[in-house]
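This is start_29.cif. It holds mmCIF, C-alpha atoms and all ligand atoms.
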```cif
data_entry
loop_
_atom_site.label_atom_id
_atom_site.label_comp_id
_atom_site.auth_asym_id
_atom_site.auth_seq_id
_atom_site.Cartn_x
_atom_site.Cartn_y
_atom_site.Cartn_z
CA GLN A 174 -28.83 15.77 4.63
CA ALA A 175 -29.55 16.78 1.06
CA LYS A 176 -29.26 13.61 -0.96
CA SER A 177 -29.30 13.61 -4.75
CA ASP A 178 -32.55 11.76 -5.22
CA GLY A 179 -33.52 13.71 -8.29
CA ARG A 180 -35.04 16.43 -6.21
CA GLY A 181 -31.85 17.22 -4.35
CA THR A 182 -31.34 20.65 -5.83
CA PHE A 183 -34.73 21.76 -4.62
CA ARG A 184 -34.74 20.06 -1.28
CA VAL A 185 -32.06 22.35 0.15
CA PHE A 186 -34.50 25.21 -0.27
CA GLU A 187 -37.18 23.54 1.78
CA PRO A 188 -37.32 25.58 4.98
CA GLN A 189 -37.58 22.41 7.04
CA MET A 190 -34.38 20.97 5.59
CA ASP A 191 -32.62 24.22 6.04
CA GLU A 192 -33.56 24.35 9.66
CA SER A 193 -32.59 20.77 10.44
CA ALA A 194 -29.27 21.20 8.64
CA ARG A 195 -28.57 24.27 10.71
CA ALA A 196 -29.57 22.50 13.90
CA ARG A 197 -27.22 19.67 13.01
CA LEU A 198 -24.30 21.98 12.37
CA ASN A 199 -24.99 23.70 15.62
CA LEU A 200 -25.04 20.37 17.45
CA GLU A 201 -21.75 19.42 15.83
CA ARG A 202 -20.11 22.64 16.98
CA GLU A 203 -21.49 22.20 20.48
CA LEU A 204 -20.25 18.61 20.57
CA ARG A 205 -16.71 19.73 19.76
CA GLU A 206 -16.83 22.29 22.54
CA ALA A 207 -18.25 19.76 24.95
CA LEU A 208 -15.39 17.40 24.18
CA THR A 209 -12.79 20.10 24.78
CA ASN A 210 -14.44 21.14 28.03
CA GLU A 211 -15.16 17.58 29.18
CA ARG A 212 -18.89 18.10 29.41
CA PHE A 213 -19.54 14.38 29.17
CA GLU A 214 -20.32 11.91 31.92
CA VAL A 215 -20.21 8.16 31.96
CA HIS A 216 -23.09 6.39 33.68
CA TYR A 217 -23.10 2.69 34.43
CA GLN A 218 -25.86 0.11 34.28
CA PRO A 219 -25.44 -3.20 36.11
CA LEU A 220 -25.25 -6.49 34.22
CA VAL A 221 -26.85 -9.07 36.45
CA LYS A 222 -26.55 -12.83 36.70
CA LEU A 223 -30.10 -14.17 36.46
CA SER A 224 -29.65 -17.20 38.70
CA SER A 225 -28.24 -15.29 41.68
CA ASN A 226 -28.90 -11.56 41.14
CA ASP A 227 -25.14 -10.94 41.41
CA VAL A 228 -23.74 -7.96 39.54
CA THR A 229 -21.15 -9.39 37.15
CA GLY A 230 -20.31 -6.08 35.53
CA VAL A 231 -21.59 -2.72 34.37
CA GLU A 232 -22.09 -1.13 30.97
CA ALA A 233 -20.61 2.32 30.42
CA LEU A 234 -23.14 4.67 28.80
CA VAL A 235 -22.11 8.20 27.90
CA ARG A 236 -24.25 11.29 28.60
CA TRP A 237 -23.76 14.92 27.70
CA ARG A 238 -24.20 17.44 30.50
CA HIS A 239 -25.64 20.35 28.54
CA ALA A 240 -26.01 23.81 30.08
CA GLU A 241 -29.56 24.38 28.81
CA ARG A 242 -30.78 20.99 27.77
CA GLY A 243 -29.69 19.06 30.85
CA LEU A 244 -28.54 15.50 30.46
CA VAL A 245 -28.60 14.67 26.75
CA SER A 246 -29.10 11.07 25.64
CA PRO A 247 -26.47 9.34 23.48
CA ALA A 248 -29.27 8.48 21.06
CA VAL A 249 -29.21 12.19 20.15
CA PHE A 250 -25.49 12.81 19.76
CA ILE A 251 -23.79 9.45 19.05
CA PRO A 252 -25.08 9.36 15.44
CA ILE A 253 -23.65 12.85 14.83
CA ALA A 254 -20.42 11.99 16.60
CA GLU A 255 -20.16 8.99 14.29
CA GLU A 256 -20.80 10.99 11.12
CA THR A 257 -18.29 13.67 12.04
CA GLY A 258 -15.59 11.37 13.36
CA LEU A 259 -15.86 12.95 16.81
CA ILE A 260 -16.71 9.47 18.07
CA VAL A 261 -13.00 8.63 17.90
CA PRO A 262 -11.82 11.07 20.61
CA LEU A 263 -15.13 10.76 22.48
CA GLY A 264 -14.96 6.96 22.49
CA GLU A 265 -11.38 7.08 23.72
CA TRP A 266 -12.39 9.45 26.51
CA VAL A 267 -15.25 7.12 27.56
CA LEU A 268 -12.96 4.09 27.52
CA ARG A 269 -10.34 5.82 29.68
CA ARG A 270 -12.94 7.03 32.15
CA ALA A 271 -14.59 3.60 32.30
CA CYS A 272 -11.29 1.83 32.98
CA GLU A 273 -10.33 4.33 35.69
CA ASP A 274 -13.73 4.02 37.36
CA ALA A 275 -13.74 0.22 37.13
CA LYS A 276 -10.34 0.11 38.80
CA ARG A 277 -12.03 1.24 42.06
CA TRP A 278 -14.60 -1.54 41.93
CA PRO A 279 -14.21 -5.17 43.03
CA ALA A 280 -12.00 -7.32 40.81
CA HIS A 281 -14.85 -9.62 39.76
CA VAL A 282 -16.82 -6.67 38.35
CA GLY A 283 -16.29 -6.16 34.64
CA VAL A 284 -16.89 -3.05 32.58
CA ALA A 285 -18.46 -3.08 29.13
CA VAL A 286 -17.78 -0.24 26.70
CA ASN A 287 -19.56 0.40 23.39
CA VAL A 288 -17.37 0.68 20.31
CA SER A 289 -18.42 2.30 17.03
CA ALA A 290 -17.45 1.19 13.55
CA HIS A 291 -15.50 4.38 13.07
CA GLN A 292 -13.36 3.62 16.12
CA LEU A 293 -12.64 0.02 15.21
CA ARG A 294 -11.60 1.16 11.75
CA GLN A 295 -8.72 3.21 13.22
CA ARG A 296 -5.55 1.30 12.59
CA ASN A 297 -4.20 1.99 16.05
CA PHE A 298 -7.41 1.03 17.83
CA ALA A 299 -6.08 -2.10 19.54
CA THR A 300 -2.89 -0.29 20.60
CA MET A 301 -4.95 2.58 22.01
CA VAL A 302 -7.10 0.18 24.03
CA PHE A 303 -4.07 -1.61 25.36
CA SER A 304 -2.34 1.63 26.45
CA ILE A 305 -5.45 2.77 28.27
CA LEU A 306 -5.59 -0.55 30.08
CA SER A 307 -1.99 -0.34 31.17
CA GLU A 308 -2.24 3.34 32.14
CA SER A 309 -5.30 2.69 34.27
CA GLY A 310 -3.92 -0.59 35.62
CA LEU A 311 -7.12 -2.44 34.80
CA ASP A 312 -6.74 -6.12 34.01
CA PRO A 313 -7.77 -6.79 30.38
CA SER A 314 -10.02 -9.62 31.54
CA ARG A 315 -12.25 -7.02 33.17
CA LEU A 316 -12.91 -5.16 29.94
CA GLU A 317 -15.61 -6.12 27.50
CA LEU A 318 -16.09 -4.29 24.21
CA GLU A 319 -19.60 -4.20 22.76
CA ILE A 320 -19.97 -4.00 19.04
CA THR A 321 -23.07 -3.98 16.89
CA GLU A 322 -23.60 -5.74 13.63
CA SER A 323 -23.11 -2.47 11.73
CA VAL A 324 -19.50 -2.50 12.93
CA LEU A 325 -18.89 -5.73 11.05
CA LEU A 326 -20.73 -4.75 7.91
CA GLU A 327 -17.78 -2.85 6.51
CA GLU A 328 -14.13 -3.69 6.03
CA THR A 329 -14.85 -7.02 7.52
CA ASP A 330 -11.39 -8.55 7.32
CA ALA A 331 -9.54 -5.66 8.94
CA ASN A 332 -12.18 -5.32 11.64
CA LEU A 333 -12.19 -9.03 12.41
CA GLU A 334 -8.39 -8.95 12.62
CA THR A 335 -8.55 -6.11 15.16
CA LEU A 336 -11.13 -8.02 17.19
CA HIS A 337 -8.88 -11.08 17.23
CA VAL A 338 -5.95 -8.97 18.46
CA LEU A 339 -8.09 -7.45 21.21
CA ARG A 340 -9.29 -10.87 22.23
CA SER A 341 -5.72 -12.16 22.37
CA PHE A 342 -5.08 -9.49 25.05
CA GLY A 343 -7.78 -11.15 27.14
CA ILE A 344 -10.46 -8.56 26.40
CA ARG A 345 -13.95 -9.96 25.88
CA ILE A 346 -16.02 -9.10 22.84
CA ALA A 347 -19.81 -8.91 22.98
CA MET A 348 -22.28 -8.62 20.14
CA ASP A 349 -24.70 -5.84 21.08
CA ASP A 350 -28.35 -5.46 20.04
CA PHE A 351 -28.40 -8.98 18.66
CA GLY A 352 -31.23 -9.62 16.23
CA THR A 353 -31.81 -6.05 15.09
CA GLY A 354 -29.71 -6.24 11.93
CA TYR A 355 -30.06 -8.40 8.88
CA SER A 356 -27.24 -10.85 9.39
CA SER A 357 -26.52 -11.13 13.10
CA ILE A 358 -26.53 -14.91 12.81
CA SER A 359 -24.00 -15.05 10.01
CA TYR A 360 -21.52 -13.02 12.09
CA LEU A 361 -21.66 -15.60 14.84
CA ARG A 362 -19.73 -18.05 12.71
CA ARG A 363 -17.18 -15.46 11.66
CA PHE A 364 -16.11 -14.38 15.09
CA PRO A 365 -16.10 -16.18 18.45
CA PHE A 366 -17.99 -13.62 20.50
CA ASP A 367 -17.87 -14.10 24.25
CA LYS A 368 -21.36 -12.76 24.74
CA ILE A 369 -24.57 -12.11 22.85
CA LYS A 370 -26.74 -9.25 24.05
CA ILE A 371 -30.26 -9.91 22.85
CA ASP A 372 -31.92 -6.67 21.87
CA ARG A 373 -34.67 -5.35 24.07
CA SER A 374 -37.16 -5.25 21.20
CA PHE A 375 -37.62 -9.01 21.66
CA VAL A 376 -38.36 -8.65 25.34
CA ARG A 377 -41.10 -6.08 24.99
CA GLU A 378 -43.63 -8.58 23.70
CA ILE A 379 -43.04 -11.30 26.25
CA GLY A 380 -46.31 -12.20 27.92
CA GLU A 381 -48.24 -10.76 24.99
CA LYS A 382 -47.12 -12.80 22.02
CA PRO A 383 -45.95 -16.40 22.33
CA GLU A 384 -43.70 -15.82 19.30
CA ALA A 385 -41.56 -13.38 21.29
CA ALA A 386 -40.59 -16.02 23.84
CA ALA A 387 -40.01 -18.55 21.08
CA ILE A 388 -37.53 -16.28 19.32
CA ILE A 389 -35.67 -15.46 22.52
CA ARG A 390 -35.55 -19.18 23.32
CA ALA A 391 -34.02 -19.89 19.92
CA ILE A 392 -31.36 -17.18 20.26
CA ILE A 393 -30.44 -18.37 23.76
CA GLY A 394 -30.13 -21.92 22.44
CA LEU A 395 -27.92 -20.71 19.63
CA GLY A 396 -25.68 -18.80 22.03
CA GLN A 397 -25.40 -21.77 24.34
CA SER A 398 -24.44 -24.17 21.59
CA LEU A 399 -21.73 -21.71 20.54
CA ASN A 400 -20.50 -21.39 24.14
CA MET A 401 -21.39 -17.72 24.35
CA THR A 402 -22.87 -16.01 27.38
CA THR A 403 -26.37 -14.78 26.67
CA LEU A 404 -27.63 -11.54 28.15
CA VAL A 405 -31.10 -10.13 27.62
CA GLU A 406 -31.43 -6.34 27.43
CA GLY A 407 -34.31 -4.19 28.53
CA ILE A 408 -35.77 -6.28 31.36
CA GLU A 409 -38.38 -4.06 32.99
CA THR A 410 -40.76 -6.48 34.70
CA ASP A 411 -40.65 -9.60 36.85
CA ILE A 412 -42.61 -11.42 34.17
CA GLN A 413 -39.85 -10.70 31.65
CA ARG A 414 -37.11 -11.61 34.09
CA ASN A 415 -38.71 -14.92 34.99
CA ALA A 416 -39.40 -15.71 31.36
CA VAL A 417 -35.79 -15.24 30.21
CA LEU A 418 -34.49 -17.05 33.29
CA SER A 419 -36.62 -20.06 32.49
CA GLU A 420 -35.47 -19.93 28.88
CA GLY A 421 -31.91 -20.35 30.12
CA ALA A 422 -30.42 -16.87 29.61
CA HIS A 423 -27.38 -16.19 31.80
CA GLU A 424 -27.65 -12.47 32.42
CA MET A 425 -30.01 -9.54 32.25
CA GLN A 426 -29.81 -5.78 32.09
CA GLY A 427 -32.69 -3.41 32.52
CA PHE A 428 -34.66 -0.91 34.54
CA LEU A 429 -36.13 -3.69 36.72
CA PHE A 430 -32.76 -4.07 38.40
CA SER A 431 -31.31 -0.60 37.84
CA PRO A 432 -31.16 2.21 35.30
CA PRO A 433 -27.72 3.55 34.34
CA ARG A 434 -26.29 5.47 37.33
CA PRO A 435 -23.47 7.99 37.82
CA ALA A 436 -20.09 6.57 38.90
CA GLN A 437 -20.43 7.87 42.48
CA GLU A 438 -23.60 5.85 42.92
CA VAL A 439 -21.82 2.75 41.66
CA ASP A 440 -19.03 3.48 44.14
CA ALA A 441 -21.62 3.56 46.89
CA LEU A 442 -23.21 0.39 45.65
CA PHE A 443 -19.99 -1.57 45.85
CA LYS A 444 -18.96 -0.14 49.20
CA VAL A 445 -22.30 -0.80 50.81
CA GLU A 446 -22.25 -4.48 50.07
CA HIS A 447 -18.84 -5.93 50.74
CA SER A 448 -19.20 -9.66 50.50
CA LYS A 449 -21.80 -9.93 47.78
CA ASN A 450 -22.56 -7.25 45.28
CA LYS A 451 -26.28 -7.50 45.40
CA VAL A 452 -28.64 -4.62 45.12
CA ALA A 453 -32.43 -4.90 44.78
P1 LIG B 501 -26.94 0.08 24.00
O1 LIG B 501 -25.47 -0.15 23.96
O2 LIG B 501 -27.79 -1.02 23.48
O3 LIG B 501 -27.27 0.40 25.54
C1 LIG B 501 -28.44 0.03 26.18
C2 LIG B 501 -29.45 1.15 26.16
O4 LIG B 501 -30.69 0.65 26.66
C3 LIG B 501 -29.08 2.33 27.07
O5 LIG B 501 -29.61 3.51 26.47
C4 LIG B 501 -29.88 2.01 28.33
O6 LIG B 501 -30.15 3.13 29.12
C5 LIG B 501 -31.13 1.45 27.73
N1 LIG B 501 -31.85 0.58 28.66
C6 LIG B 501 -31.33 -0.22 29.60
N2 LIG B 501 -32.28 -0.90 30.25
C7 LIG B 501 -33.46 -0.52 29.72
C8 LIG B 501 -34.83 -0.88 29.98
O7 LIG B 501 -35.15 -1.69 30.85
N3 LIG B 501 -35.77 -0.28 29.21
C9 LIG B 501 -35.45 0.62 28.24
N4 LIG B 501 -36.46 1.16 27.56
N5 LIG B 501 -34.18 0.99 27.98
C10 LIG B 501 -33.19 0.42 28.70
P2 LIG B 501 -28.75 4.82 26.35
O8 LIG B 501 -27.86 5.00 27.54
O9 LIG B 501 -29.67 5.92 25.97
O10 LIG B 501 -27.79 4.51 25.12
C11 LIG B 501 -28.31 4.33 23.84
C12 LIG B 501 -27.27 3.81 22.90
O11 LIG B 501 -26.26 4.79 22.67
C13 LIG B 501 -26.53 2.59 23.40
O12 LIG B 501 -27.32 1.43 23.21
C14 LIG B 501 -25.31 2.63 22.52
O13 LIG B 501 -25.58 2.08 21.26
C15 LIG B 501 -25.06 4.11 22.38
N6 LIG B 501 -24.00 4.52 23.31
C16 LIG B 501 -24.08 4.89 24.61
N7 LIG B 501 -22.86 5.19 25.09
C17 LIG B 501 -21.98 5.01 24.07
C18 LIG B 501 -20.56 5.16 23.93
O14 LIG B 501 -19.83 5.49 24.87
N8 LIG B 501 -20.03 4.87 22.70
C19 LIG B 501 -20.79 4.48 21.64
N9 LIG B 501 -20.21 4.22 20.50
N10 LIG B 501 -22.13 4.31 21.75
C20 LIG B 501 -22.71 4.58 22.94
MG MG B 502 -24.23 -1.56 24.48
MG MG B 503 -27.44 -2.96 23.53
MG MG B 504 -29.99 -2.03 22.46
#
```
Show how you would write the structure in this file as structure tokens.
Amino acid sequence: QAKSDGRGTFRVFEPQMDESARARLNLERELREALTNERFEVHYQPLVKLSSNDVTGVEALVRWRHAERGLVSPAVFIPIAEETGLIVPLGEWVLRRACEDAKRWPAHVGVAVNVSAHQLRQRNFATMVFSILSESGLDPSRLELEITESVLLEETDANLETLHVLRSFGIRIAMDDFGTGYSSISYLRRFPFDKIKIDRSFVREIGEKPEAAAIIRAIIGLGQSLNMTTLVEGIETDIQRNAVLSEGAHEMQGFLFSPPRPAQEVDALFKVEHSKNKVA
């Protein structure tokens, strides 16, 4: 993007800028087409209770099935979808698909869906969520919406109001990527989140730096005193799992247990194990 930083007029002529701007436009056009042609897929990653290894739910994570590039990561296209507003129809599509898929899974399995600031800002957001729930027949208590701190940074009052309405339906609200922003903690006293998802950047250094475990311990303690479920993201090793278990975290999510998987694999997972939904 050419920003007016004093050099703005010249920057657009830099070949590099020109090329990245063109690539972006191209991506935007392709995204629109992909949306029309339903070239997206929703994959699901298990959320696991640390004390028992039970799957309590799954997180819906969108992917783009691209003809040449293969499966494209949301890290690539979500930022552009947000800037262009395409996140509104895309997010709605993901939510509908997630609710329909979750309907096939056992009643104690929840489904978590990521929500962008742009979506929450829509005045009919809560109504849209509620219609999708009733159309799919999924009980609201099985849906969890994940929001990041950036969602709350703007239009705070209206956004908080929407979150309260959603919560009054029985939908759970989780704070995603906790600790990555500047004021995660201050949002905890403005809204009664049901869950805190501690960002995986804290987990990476467990076993290497004692400070990492100390910070995780403090966040877990904070969550517990506020009666919020604490989940730790990005658990890749047994060392990390055991560390967050002993610090008192409730749940984990990460490659150690399972990467995000296509819906059919989740179907298989829940059919294979009838009584207890354990994998591993
Ligand atoms: P997120 O909501 O924090 O989702 C967790 C991300 O961490 C996922 O990346 C997941 O694949 C990755 N992950 C899980 N376990 C591990 C692990 O053990 N190690 C590592 N290194 N990574 C792990 P993914 O699927 O690429 O999604 C990236 C982000 O894109 C998400 O972060 C979320 O912010 C956004 N996103 C994905 N789907 C949607 C969507 O439907 N709507 C919106 N608004 N955002 C979405
Ligand atoms: Mg998330
Ligand atoms: Mg997250
Ligand atoms: Mg994260």
ask   = Quick one: residues within 7 Å of ligand LIG 501 (chain B), with only C-alpha atoms and all ligand atoms, as a ChimeraX atom specification?
value = /A:233-235,246-248,251,260,264,267,286-289,349-350,406-409,426-429,432-433
query = Near Tyr360 in chain A, counting all atoms listed in the file, which residues have an atom at most 12 Å away, once you skip same-chain residues fewer than 4 positions from it, shown as a PyMOL selection string?
reply = chain A and resi 320-326+329+333+347-349+351-352+354-356+364-366+369
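The space between CA of Leu404 in chain A and atom MG of ligand MG 503 (chain B) spans 9.7 Å.
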message = Calculated over all atoms listed in the file, which of the candidates A:Leu306, A:Ala391, A:Leu220, A:Val417 has the smallest distance to Arg377 in chain A?
response =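 That would be A:Val417, the residue with the smallest distance to Arg377 in chain A.
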ask   = Any idea what the distance is between CA of Arg195 in chain A and atom MG of ligand MG 504 (chain B)?
value =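 Calculated distance between CA of Arg195 in chain A and atom MG of ligand MG 504 (chain B) is 28.8 Å.
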task = Would you list the contacts of range 292-296 of chain A as a ChimeraX atom specification, taking every protein, DNA or RNA residue within 9 Å and counting all atoms listed in the file, but skipping same-chain residues closer than 6 positions in sequence?
result = /A:255,258,260-262,264-265,324,328,331-332,335-336
query = In Å, how far is it from CA of Pro313 in chain A to CA of Ser431 in chain A?
reply =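 Atom-to-atom, CA of Pro313 in chain A and CA of Ser431 in chain A are spaced 25.5 Å apart.
Closest to ligand MG 503 (chain B) among A:Lys382, A:Lys444, A:His423, A:Arg373 is A:Arg373, based on only C-alpha atoms and all ligand atoms.
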request  = Give as a PyMOL selection string each residue that has an atom at most 12 Å from (-9.4, 5.5, 31.8) in the file, counting only C-alpha atoms.
outcome  = chain A and resi 215+233+264-277+284+286+301-311+316
request  = Compare A:Glu378, A:Glu256, A:Glu232, A:Glu317 by their minimum atom-to-atom distance to ligand MG 502 (chain B), counting all atoms listed in the file, and give me the closest one.
outcome  =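 Of A:Glu378, A:Glu256, A:Glu232, A:Glu317, the one nearest ligand MG 502 (chain B), counting all atoms listed in the file, is A:Glu232.
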request  = Would you mind telling me which residue in A:Ile371, A:Ile346, A:Ala280, A:Leu418 lies nearest to ligand MG 503 (chain B) when using all atoms listed in the file?
outcome  =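 Nearest candidate to ligand MG 503 (chain B) out of A:Ile371, A:Ile346, A:Ala280, A:Leu418: A:Ile371.
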Can you tell me, as a tab-separated table (two decimals) with C-alpha atoms, in the coordinates of the input, which residues sit within 6 Å of (-10.1, -9.3, 27.5) in the file's frame, using all atoms listed in the file?
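See point10.tsv below for the written result:
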```tsv
chain	number	residue	atom	x	y	z
A	313	PRO	CA	-7.77	-6.79	30.38
A	314	SER	CA	-10.02	-9.62	31.54
A	316	LEU	CA	-12.91	-5.16	29.94
A	340	ARG	CA	-9.29	-10.87	22.23
A	342	PHE	CA	-5.08	-9.49	25.05
A	343	GLY	CA	-7.78	-11.15	27.14
A	344	ILE	CA	-10.46	-8.56	26.40
A	345	ARG	CA	-13.95	-9.96	25.88
```
task = Could you tell me which of A:Ala387, A:Ile253, A:Leu442, A:Ala299 comes closest to His337 in chain A if we count all atoms listed in the file?
result =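 The closest residue to His337 in chain A is A:Ala299.
Proximity of A:Thr353, A:Gln437, A:Asn415, A:Thr402 to ligand MG 504 (chain B), computed with only C-alpha atoms and all ligand atoms, is greatest for A:Thr353.
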ask   = Which residues, written as a ChimeraX atom specification, have at least one atom at most 12 Å from Ser398 in chain A, with only C-alpha atoms counted and residues fewer than 4 positions away on the same chain left out?
value = /A:361-362,365,391-394,402-403,421
Got a sec: who's within 10 Å of Val245 in chain A, counting all atoms listed in the file, leaving out chain neighbours fewer than 4 positions off, as a CSV table (one decimal) with C-alpha atoms, in the coordinates of the input?
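Once everything was written out, this is around36.csv:
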```
chain,number,residue,atom,x,y,z
A,213,PHE,CA,-19.5,14.4,29.2
A,235,VAL,CA,-22.1,8.2,27.9
A,236,ARG,CA,-24.2,11.3,28.6
A,237,TRP,CA,-23.8,14.9,27.7
A,238,ARG,CA,-24.2,17.4,30.5
A,239,HIS,CA,-25.6,20.4,28.5
A,241,GLU,CA,-29.6,24.4,28.8
A,249,VAL,CA,-29.2,12.2,20.2
A,250,PHE,CA,-25.5,12.8,19.8
```
Hey, could you patch up range 227-242 of chain A with N, CA, C and O atoms and hand it over as a PDB file, in the coordinates of the input?
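Produced file rebuild20.pdb, reproduced below:
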```
ATOM      1  N   ASP A 227     -26.452 -11.567  41.237  1.00  0.00           N
ATOM      2  CA  ASP A 227     -25.140 -10.940  41.410  1.00  0.00           C
ATOM      3  C   ASP A 227     -24.844 -10.000  40.252  1.00  0.00           C
ATOM      4  O   ASP A 227     -25.152 -10.310  39.100  1.00  0.00           O
ATOM      5  N   VAL A 228     -24.197  -8.882  40.581  1.00  0.00           N
ATOM      6  CA  VAL A 228     -23.740  -7.960  39.540  1.00  0.00           C
ATOM      7  C   VAL A 228     -22.407  -8.485  38.999  1.00  0.00           C
ATOM      8  O   VAL A 228     -21.429  -8.556  39.729  1.00  0.00           O
ATOM      9  N   THR A 229     -22.389  -8.864  37.732  1.00  0.00           N
ATOM     10  CA  THR A 229     -21.150  -9.390  37.150  1.00  0.00           C
ATOM     11  C   THR A 229     -20.335  -8.281  36.488  1.00  0.00           C
ATOM     12  O   THR A 229     -19.141  -8.426  36.264  1.00  0.00           O
ATOM     13  N   GLY A 230     -21.006  -7.189  36.172  1.00  0.00           N
ATOM     14  CA  GLY A 230     -20.310  -6.080  35.530  1.00  0.00           C
ATOM     15  C   GLY A 230     -21.255  -4.914  35.350  1.00  0.00           C
ATOM     16  O   GLY A 230     -22.395  -4.937  35.827  1.00  0.00           O
ATOM     17  N   VAL A 231     -20.763  -3.882  34.680  1.00  0.00           N
ATOM     18  CA  VAL A 231     -21.590  -2.720  34.370  1.00  0.00           C
ATOM     19  C   VAL A 231     -21.310  -2.296  32.941  1.00  0.00           C
ATOM     20  O   VAL A 231     -20.215  -2.505  32.432  1.00  0.00           O
ATOM     21  N   GLU A 232     -22.318  -1.691  32.305  1.00  0.00           N
ATOM     22  CA  GLU A 232     -22.090  -1.130  30.970  1.00  0.00           C
ATOM     23  C   GLU A 232     -21.927   0.376  31.069  1.00  0.00           C
ATOM     24  O   GLU A 232     -22.741   1.063  31.691  1.00  0.00           O
ATOM     25  N   ALA A 233     -20.869   0.876  30.451  1.00  0.00           N
ATOM     26  CA  ALA A 233     -20.610   2.320  30.420  1.00  0.00           C
ATOM     27  C   ALA A 233     -21.473   2.961  29.350  1.00  0.00           C
ATOM     28  O   ALA A 233     -21.440   2.546  28.195  1.00  0.00           O
ATOM     29  N   LEU A 234     -22.250   3.983  29.730  1.00  0.00           N
ATOM     30  CA  LEU A 234     -23.140   4.670  28.800  1.00  0.00           C
ATOM     31  C   LEU A 234     -22.923   6.174  28.929  1.00  0.00           C
ATOM     32  O   LEU A 234     -23.102   6.750  29.999  1.00  0.00           O
ATOM     33  N   VAL A 235     -22.505   6.791  27.843  1.00  0.00           N
ATOM     34  CA  VAL A 235     -22.110   8.200  27.900  1.00  0.00           C
ATOM     35  C   VAL A 235     -23.334   9.119  27.889  1.00  0.00           C
ATOM     36  O   VAL A 235     -24.366   8.805  27.283  1.00  0.00           O
ATOM     37  N   ARG A 236     -23.239  10.233  28.598  1.00  0.00           N
ATOM     38  CA  ARG A 236     -24.250  11.290  28.600  1.00  0.00           C
ATOM     39  C   ARG A 236     -23.553  12.631  28.435  1.00  0.00           C
ATOM     40  O   ARG A 236     -22.405  12.778  28.820  1.00  0.00           O
ATOM     41  N   TRP A 237     -24.295  13.576  27.932  1.00  0.00           N
ATOM     42  CA  TRP A 237     -23.760  14.920  27.700  1.00  0.00           C
ATOM     43  C   TRP A 237     -24.463  15.866  28.672  1.00  0.00           C
ATOM     44  O   TRP A 237     -25.677  16.009  28.622  1.00  0.00           O
ATOM     45  N   ARG A 238     -23.651  16.492  29.538  1.00  0.00           N
ATOM     46  CA  ARG A 238     -24.200  17.440  30.500  1.00  0.00           C
ATOM     47  C   ARG A 238     -24.270  18.810  29.827  1.00  0.00           C
ATOM     48  O   ARG A 238     -23.270  19.503  29.724  1.00  0.00           O
ATOM     49  N   HIS A 239     -25.465  19.138  29.335  1.00  0.00           N
ATOM     50  CA  HIS A 239     -25.640  20.350  28.540  1.00  0.00           C
ATOM     51  C   HIS A 239     -26.204  21.468  29.413  1.00  0.00           C
ATOM     52  O   HIS A 239     -27.128  21.240  30.201  1.00  0.00           O
ATOM     53  N   ALA A 240     -25.633  22.678  29.235  1.00  0.00           N
ATOM     54  CA  ALA A 240     -26.010  23.810  30.080  1.00  0.00           C
ATOM     55  C   ALA A 240     -27.515  24.090  30.066  1.00  0.00           C
ATOM     56  O   ALA A 240     -28.122  24.308  31.098  1.00  0.00           O
ATOM     57  N   GLU A 241     -28.120  24.069  28.877  1.00  0.00           N
ATOM     58  CA  GLU A 241     -29.560  24.380  28.810  1.00  0.00           C
ATOM     59  C   GLU A 241     -30.432  23.136  28.724  1.00  0.00           C
ATOM     60  O   GLU A 241     -31.519  23.100  29.275  1.00  0.00           O
ATOM     61  N   ARG A 242     -29.920  22.137  28.021  1.00  0.00           N
ATOM     62  CA  ARG A 242     -30.780  20.990  27.770  1.00  0.00           C
ATOM     63  C   ARG A 242     -30.707  19.901  28.833  1.00  0.00           C
ATOM     64  O   ARG A 242     -31.392  18.887  28.747  1.00  0.00           O
TER      65      ARG A 242
END
```
